[in-house]
Amino acid sequence: MFVYIVRRLAGMMVVMLIVAAVVFVIARVVPGDPAAVMLGSSATPEDIAALRGRLGLDQPLLGQFLIYLQQIARLDLGESIFLNRPVAQALAERSELTAMLTLMSVGIAVVIGVPVGILSAAMRGRWIDQASIGLAMLAASVPSFWIGLTLIKYLAVDLPWFPVAGYGPPDASFAERLHHLVLPAIALGIPNSALILRFTRTSMLDVLGDDYVRTARAKGLSPLVVVLKHALRNAMIPILTVIGLTAAVMIAGAIVTETVFGLPGVGNLIVSAVLRRDYPVIQGALLVVSAIYVLINLSVDLLYAVVDPRVRY
Amino acid sequence: MKPFTRSLYTALLGTALIGSALTTTVGSALAQQPQSVVTVATIGEPPTLDPVGVTSDLVSIITQHVFETLYTFDAEWKIVPLLASAQPTVSADGKTYAFPLRGGVTFHDGSPMTAEDVVASLERWTRLSPRGKTTAPMIESIKATDASTVTVTLKESFTPLLALLAMNNGAAAIVPKGQIDGAAPLKQFIGTGPYKLLEHKPDQHIRLVRFDNYTSPQGPASGYGGARAPKIGEVRFVPVPNAATRVAGMLAGQYQFADSLPAEMLGRFKNSPSVKPVIVKPFGFPLMIMNSKTGVLANQTLRQSVLAALTPGDMMLAGFGDPAFFATEGSIYSPGTPFYDAASAKPYSDNNPKKAAELRKSAGYKGEPIRIMTSTQYDFLYKMSLVAQAQLQAAGYTVDLQVLDWATLLQKRGDEKAWDAFFTYHTFVPEPSLITVLNPSYPGWWDTPEKREALAAFNREPDAAARKGKWVELQKLFYSEVPSIKVGDFYNLAAASDKLKNYTPAPWPFFWNAELSN
């Protein structure tokens, strides 16, 4: 397994290099100028050119890229043009929120999606199966921003149980900060629970028809033990894959939810950076997010071996 | 019920109960915010906290609490002293301004404000600020005449100097000399204002706390002028880009003030027991800037035809919907402001398809596409541009409407060959010479000899009544040479908690003198 991990990590380095190059080129090919955005709509072309010079944006692209590669080699993601701080610090400031939001929303998606998926598979063709499939279709179809705004209206404005937006006041305790994430986590978790539900149901249906399940039932094992111990374990690999993918996407893909709830997460940071053409943040954040994607995929692959002893690395 | 079904139902119910218990436990931990904190929901994160180099309204709204200028504007948009102790002494030829400084003013780092600080700050302003750079060619010297006087000597009379020094964006902010490092942005944000910066967490909050050693100007509070009393302990600006969330946050009591709200929310605020709507007038005016330098609209007759082809009332209605939030007003300055003049803006309302067609023919238009840049970032500008496109097509023009993101539009407008017109808006400015369209370097590049002469005459004129006459001449030129089309006046909807007392509505909201009741 150690050799496998080392090989995957080496492959990750190559992926990172490709990501760095692609992001660098795309960020600069897209029209738009951080200097123009920073100076505002009243700025003249002369003002913009002067600021470009001060920011080093008037240097040849190849020179800028080489400097960027040197920075990456020193594990330095550079300095944000707008945020007046290093990119690494900007990412670190948002990491707790993003990690907690991802964990909570994946937790909600799993808590709803896996049990209901199992129930749906076990009750195939019955009303509960039909109802859960219908609800899953609905949950997957409704945009998360609509769920977010609806939750805000009913659970934050009409019934003031939750805060409308933000990540709590500056002196907020950890519990208060979590409280601010409940509605966003639900808004993100519900659509994703539909995906997990569908995968769980399909995977379980595949397994429940196998001979060993029939044998287990014939042995007189309780239905709960048959489904949860024997069938579920073998159905877990596709479910784990989709949970891993969901978590990876949420790290930087919760942009709409973060915007609706005014949350300063990594997704929000990336979108703001794109709109402002804050090149160092775009490059640094996407590099880190790509690394996390690769690491999550690696972790999921390693988990296969835990849930299924037949898998060996 | 079968054993399996019962077991699963039990498991699911247990999961739901654990979930609710967790939510309740966490919810009960939510603490009350201190009463002395006013949370202000803004439209986003400011690009910087240095108010000198940029003209962003959002930067001004926040930094005007921290940094101060020598002068500012009162409720009637007259220039009044702020860090200066009185109006300047101006020489008879209008070339020398002696600014007396207020004594006993200290910076947030505890150091006293000196004439040297003011000289260094004004010099920085001439190097960095778009407004200062416009003024720089006219300045011969900036010197500390004595410990409490700074003298600016001009090469020629330039009446707008005082207004430029009073603006809070591209501001001539006074900072300690030691904080100034050439053309570099400020690293620390130390001013003389009623609030000082406590903490800036980008995309999360900007915390300004009361500056206990603040020395206020004298006189009754009026607009941005007069006495400033920081009665609220902390003003906390939080970026909330989604307008619907700002509205919900106001209604839920999470924010005490929210800016730039959708006009259609007026009814909800009127019906709310705890929130009052704030309509800010004057606020701004949308502009369709035309390229006077290059391309098809460099032809003045064609620009006149475009003006005749458009119906600004339809564009404003499309942009803002509720007539409570706009006025179809052609005068660049609204009624009630010193530079208002309707007569010289008459072509604004002369929408005449026949005249438009005649002008189009006489200009020799041959169906070349008119490239109009717009952006969905500002919904009202986008909607207006759709109406303009339809009306111009109906008038026989070929229109290439380019919908871009705002950053791309800002970059592309600097390239004179890339466009023929673009939509933007201008916030109200009390002094006409601050209007960007008058700057020959501003995209659109309006720079005819007649305009240069009229603007120079206006800028030289020291007498207020005579200045009004000169401004009318400039506005006549604006409507005959048509460098841009002013689409109308629009107002801003903000909302304030009913607990926020003594708040004075202003284009750049400020919170000194305001109080928070229990």
# chains A, B, ... in the order shown; residues from 1 in each chain; ligands from 1
call {"tool": "select_by_dssp", "arguments": {"residues": "region 157-196 of chain A", "states": "helix (DSSP H, G or I)", "output": "number ranges by chain"}}
result
A: 157-158, 174-196
call {"tool": "write_last_selection", "arguments": {"atoms": "N, CA and C atoms", "output": "CSV table (one decimal), in the first residue's frame"}}
result
chain,number,residue,atom,x,y,z
A,157,VAL,N,-36.2,34.6,9.0
A,157,VAL,CA,-36.9,35.8,9.0
A,157,VAL,C,-38.2,35.6,9.8
A,158,ASP,N,-39.1,34.7,9.2
A,158,ASP,CA,-40.4,34.5,9.9
A,158,ASP,C,-40.3,33.9,11.2
A,174,PHE,N,-17.3,28.6,18.7
A,174,PHE,CA,-17.3,27.6,17.6
A,174,PHE,C,-18.8,27.1,17.4
A,175,ALA,N,-19.5,27.0,18.5
A,175,ALA,CA,-20.9,26.6,18.4
A,175,ALA,C,-21.8,27.6,17.6
A,176,GLU,N,-21.5,28.9,17.9
A,176,GLU,CA,-22.2,30.0,17.2
A,176,GLU,C,-21.9,29.9,15.7
A,177,ARG,N,-20.6,29.7,15.4
A,177,ARG,CA,-20.2,29.6,14.0
A,177,ARG,C,-20.9,28.4,13.3
A,178,LEU,N,-21.0,27.3,14.0
A,178,LEU,CA,-21.7,26.1,13.5
A,178,LEU,C,-23.2,26.5,13.2
A,179,HIS,N,-23.8,27.2,14.2
A,179,HIS,CA,-25.2,27.6,14.1
A,179,HIS,C,-25.4,28.4,12.8
A,180,HIS,N,-24.4,29.2,12.4
A,180,HIS,CA,-24.6,30.0,11.1
A,180,HIS,C,-24.5,29.1,9.9
A,181,LEU,N,-24.0,27.9,10.1
A,181,LEU,CA,-23.8,27.0,8.9
A,181,LEU,C,-25.0,26.0,8.8
A,182,VAL,N,-25.9,26.0,9.7
A,182,VAL,CA,-27.0,25.0,9.6
A,182,VAL,C,-27.8,25.1,8.4
A,183,LEU,N,-28.3,26.3,8.1
A,183,LEU,CA,-29.2,26.5,6.9
A,183,LEU,C,-28.4,26.3,5.6
A,184,PRO,N,-27.2,26.9,5.5
A,184,PRO,CA,-26.4,26.6,4.3
A,184,PRO,C,-26.1,25.1,4.1
A,185,ALA,N,-25.8,24.4,5.2
A,185,ALA,CA,-25.6,23.0,5.1
A,185,ALA,C,-26.8,22.2,4.6
A,186,ILE,N,-28.0,22.6,5.1
A,186,ILE,CA,-29.2,22.0,4.6
A,186,ILE,C,-29.4,22.3,3.1
A,187,ALA,N,-29.2,23.6,2.8
A,187,ALA,CA,-29.4,24.0,1.4
A,187,ALA,C,-28.5,23.2,0.4
A,188,LEU,N,-27.3,22.9,0.9
A,188,LEU,CA,-26.4,22.2,0.0
A,188,LEU,C,-26.6,20.7,0.2
A,189,GLY,N,-26.9,20.2,1.3
A,189,GLY,CA,-27.1,18.8,1.6
A,189,GLY,C,-28.2,18.2,0.9
A,190,ILE,N,-29.4,18.9,0.8
A,190,ILE,CA,-30.6,18.3,0.3
A,190,ILE,C,-30.4,17.9,-1.2
A,191,PRO,N,-29.9,18.8,-2.1
A,191,PRO,CA,-29.8,18.3,-3.5
A,191,PRO,C,-28.7,17.2,-3.6
A,192,ASN,N,-27.7,17.2,-2.8
A,192,ASN,CA,-26.7,16.1,-2.8
A,192,ASN,C,-27.2,14.8,-2.3
A,193,SER,N,-28.1,14.9,-1.3
A,193,SER,CA,-28.7,13.7,-0.7
A,193,SER,C,-29.4,12.9,-1.8
A,194,ALA,N,-30.0,13.6,-2.8
A,194,ALA,CA,-30.8,13.0,-3.8
A,194,ALA,C,-29.8,12.1,-4.7
A,195,LEU,N,-28.6,12.6,-4.9
A,195,LEU,CA,-27.6,11.9,-5.7
A,195,LEU,C,-27.2,10.7,-5.0
A,196,ILE,N,-26.9,10.8,-3.7
A,196,ILE,CA,-26.4,9.7,-2.9
A,196,ILE,C,-27.5,8.7,-2.8
call {"tool": "interface_residues", "arguments": {"of": "chain A", "to": "chain B", "cutoff": "8 Å", "atoms": "only C-alpha atoms", "output": "PyMOL selection string"}}
result
chain A and resi 31-34+36-47+82-84+90+111+115+119+149+152-153+156-158+160-167+169+172+175-176+178-179+182+222-224+259-264+269+275-277
call {"tool": "residues_around", "arguments": {"residues": "Ser36 (chain B)", "least_positions_apart": "6", "cutoff": "10 Å", "atoms": "only C-alpha atoms", "output": "JSON, numbers by chain"}}
result
{"B": [231, 232, 233, 234, 235, 515, 516, 517, 518]}
call {"tool": "residues_around", "arguments": {"residues": "Asp301 (chain A)", "least_positions_apart": "3", "cutoff": "10 Å", "atoms": "only C-alpha atoms", "output": "PyMOL selection string"}}
result
chain A and resi 237+240-241+244+295-298+304-306+311+313
call {"tool": "closest_residue", "arguments": {"among": "A:Thr102, A:Thr246, A:Thr200, A:Gln71", "to": "Val87 (chain A)", "atoms": "only C-alpha atoms"}}
result
A:Gln71
call {"tool": "residues_around", "arguments": {"residues": "Leu69 (chain A)", "least_positions_apart": "5", "cutoff": "9 Å", "atoms": "only C-alpha atoms", "output": "JSON, numbers by chain"}}
result
{"A": [17, 20, 21, 64, 74]}
call {"tool": "closest_residue", "arguments": {"among": "A:Pro309, A:Ser290, A:Asp171, A:Ser105", "to": "Asn234 (chain A)", "atoms": "only C-alpha atoms"}}
result
A:Pro309
call {"tool": "closest_residue", "arguments": {"among": "B:Glu76, B:Asn213, B:Val429, B:Asp259", "to": "Gly336 (chain B)", "atoms": "only C-alpha atoms"}}
result
B:Glu76
call {"tool": "residues_around", "arguments": {"residues": "Val288 (chain A)", "least_positions_apart": "5", "cutoff": "12 Å", "atoms": "only C-alpha atoms", "output": "PyMOL selection string"}}
result
chain A and resi 12-13+15-17+19-20+23+72+75-77+87-88+90-92+95+248+251-252+266+270+281-283+293-295
call {"tool": "write_last_selection", "arguments": {"atoms": "N, CA and C atoms", "output": "compact mmCIF listing (two decimals), in the first residue's frame"}}
result
# COMPACT_ATOMS: atom_id res chain seq x y z
N MET A 12 0.45 12.99 -8.43
CA MET A 12 -0.22 14.23 -8.04
C MET A 12 0.64 15.46 -8.36
N MET A 13 1.95 15.33 -8.20
CA MET A 13 2.86 16.44 -8.50
C MET A 13 2.74 16.85 -9.97
N VAL A 15 0.15 16.31 -11.90
CA VAL A 15 -1.16 16.94 -12.08
C VAL A 15 -1.12 18.40 -11.65
N MET A 16 -0.46 18.66 -10.51
CA MET A 16 -0.38 20.02 -9.99
C MET A 16 0.33 20.96 -10.97
N LEU A 17 1.39 20.44 -11.56
CA LEU A 17 2.16 21.26 -12.51
C LEU A 17 1.29 21.61 -13.72
N VAL A 19 -1.99 21.69 -13.76
CA VAL A 19 -3.03 22.62 -13.29
C VAL A 19 -2.47 24.04 -13.22
N ALA A 20 -1.27 24.17 -12.64
CA ALA A 20 -0.65 25.49 -12.49
C ALA A 20 -0.50 26.18 -13.85
N VAL A 23 -4.12 26.96 -15.44
CA VAL A 23 -4.81 28.06 -14.75
C VAL A 23 -4.12 29.39 -15.05
N ILE A 72 5.95 28.65 -6.45
CA ILE A 72 5.34 27.36 -6.10
C ILE A 72 6.39 26.41 -5.54
N LEU A 75 6.85 26.74 -2.13
CA LEU A 75 5.56 26.59 -1.44
C LEU A 75 4.95 27.96 -1.09
N ASP A 76 5.22 28.93 -1.95
CA ASP A 76 4.69 30.28 -1.74
C ASP A 76 3.64 30.51 -2.83
N LEU A 77 2.41 30.77 -2.40
CA LEU A 77 1.33 30.96 -3.39
C LEU A 77 1.21 32.41 -3.85
N VAL A 87 -1.76 34.77 -0.36
CA VAL A 87 -2.85 33.90 -0.79
C VAL A 87 -3.05 32.76 0.21
N ALA A 88 -1.92 32.23 0.74
CA ALA A 88 -2.02 31.13 1.70
C ALA A 88 -2.82 31.56 2.93
N ALA A 90 -5.10 33.97 3.02
CA ALA A 90 -6.51 34.14 2.62
C ALA A 90 -7.21 32.78 2.59
N LEU A 91 -6.49 31.76 2.10
CA LEU A 91 -7.09 30.42 2.05
C LEU A 91 -7.26 29.84 3.45
N ALA A 92 -6.24 30.07 4.29
CA ALA A 92 -6.31 29.54 5.65
C ALA A 92 -7.49 30.15 6.40
N SER A 95 -10.54 28.29 5.49
CA SER A 95 -10.51 26.83 5.50
C SER A 95 -11.46 26.24 6.53
N ALA A 248 -15.66 16.52 -2.62
CA ALA A 248 -14.66 17.26 -3.41
C ALA A 248 -15.30 18.44 -4.13
N ILE A 251 -16.10 21.57 -1.89
CA ILE A 251 -15.02 22.41 -1.36
C ILE A 251 -14.95 23.74 -2.10
N ALA A 252 -15.05 23.68 -3.40
CA ALA A 252 -15.00 24.95 -4.14
C ALA A 252 -16.28 25.19 -4.91
N VAL A 266 -14.16 29.23 0.53
CA VAL A 266 -13.18 29.13 -0.56
C VAL A 266 -13.85 29.36 -1.92
N ILE A 270 -12.77 32.23 -4.67
CA ILE A 270 -12.38 31.98 -6.05
C ILE A 270 -13.23 32.82 -7.01
N VAL A 281 -4.64 34.87 -6.49
CA VAL A 281 -5.64 34.11 -5.73
C VAL A 281 -6.26 33.02 -6.61
N ILE A 282 -6.57 33.36 -7.85
CA ILE A 282 -7.15 32.35 -8.76
C ILE A 282 -6.19 31.17 -8.86
N GLN A 283 -4.91 31.48 -9.11
CA GLN A 283 -3.91 30.42 -9.30
C GLN A 283 -3.70 29.61 -8.03
N TYR A 293 -8.74 17.77 -4.17
CA TYR A 293 -9.50 16.81 -5.01
C TYR A 293 -8.73 15.51 -5.13
N VAL A 294 -7.45 15.64 -5.48
CA VAL A 294 -6.63 14.44 -5.70
C VAL A 294 -6.52 13.65 -4.39
N LEU A 295 -6.32 14.37 -3.28
CA LEU A 295 -6.17 13.69 -1.99
C LEU A 295 -7.48 13.00 -1.58
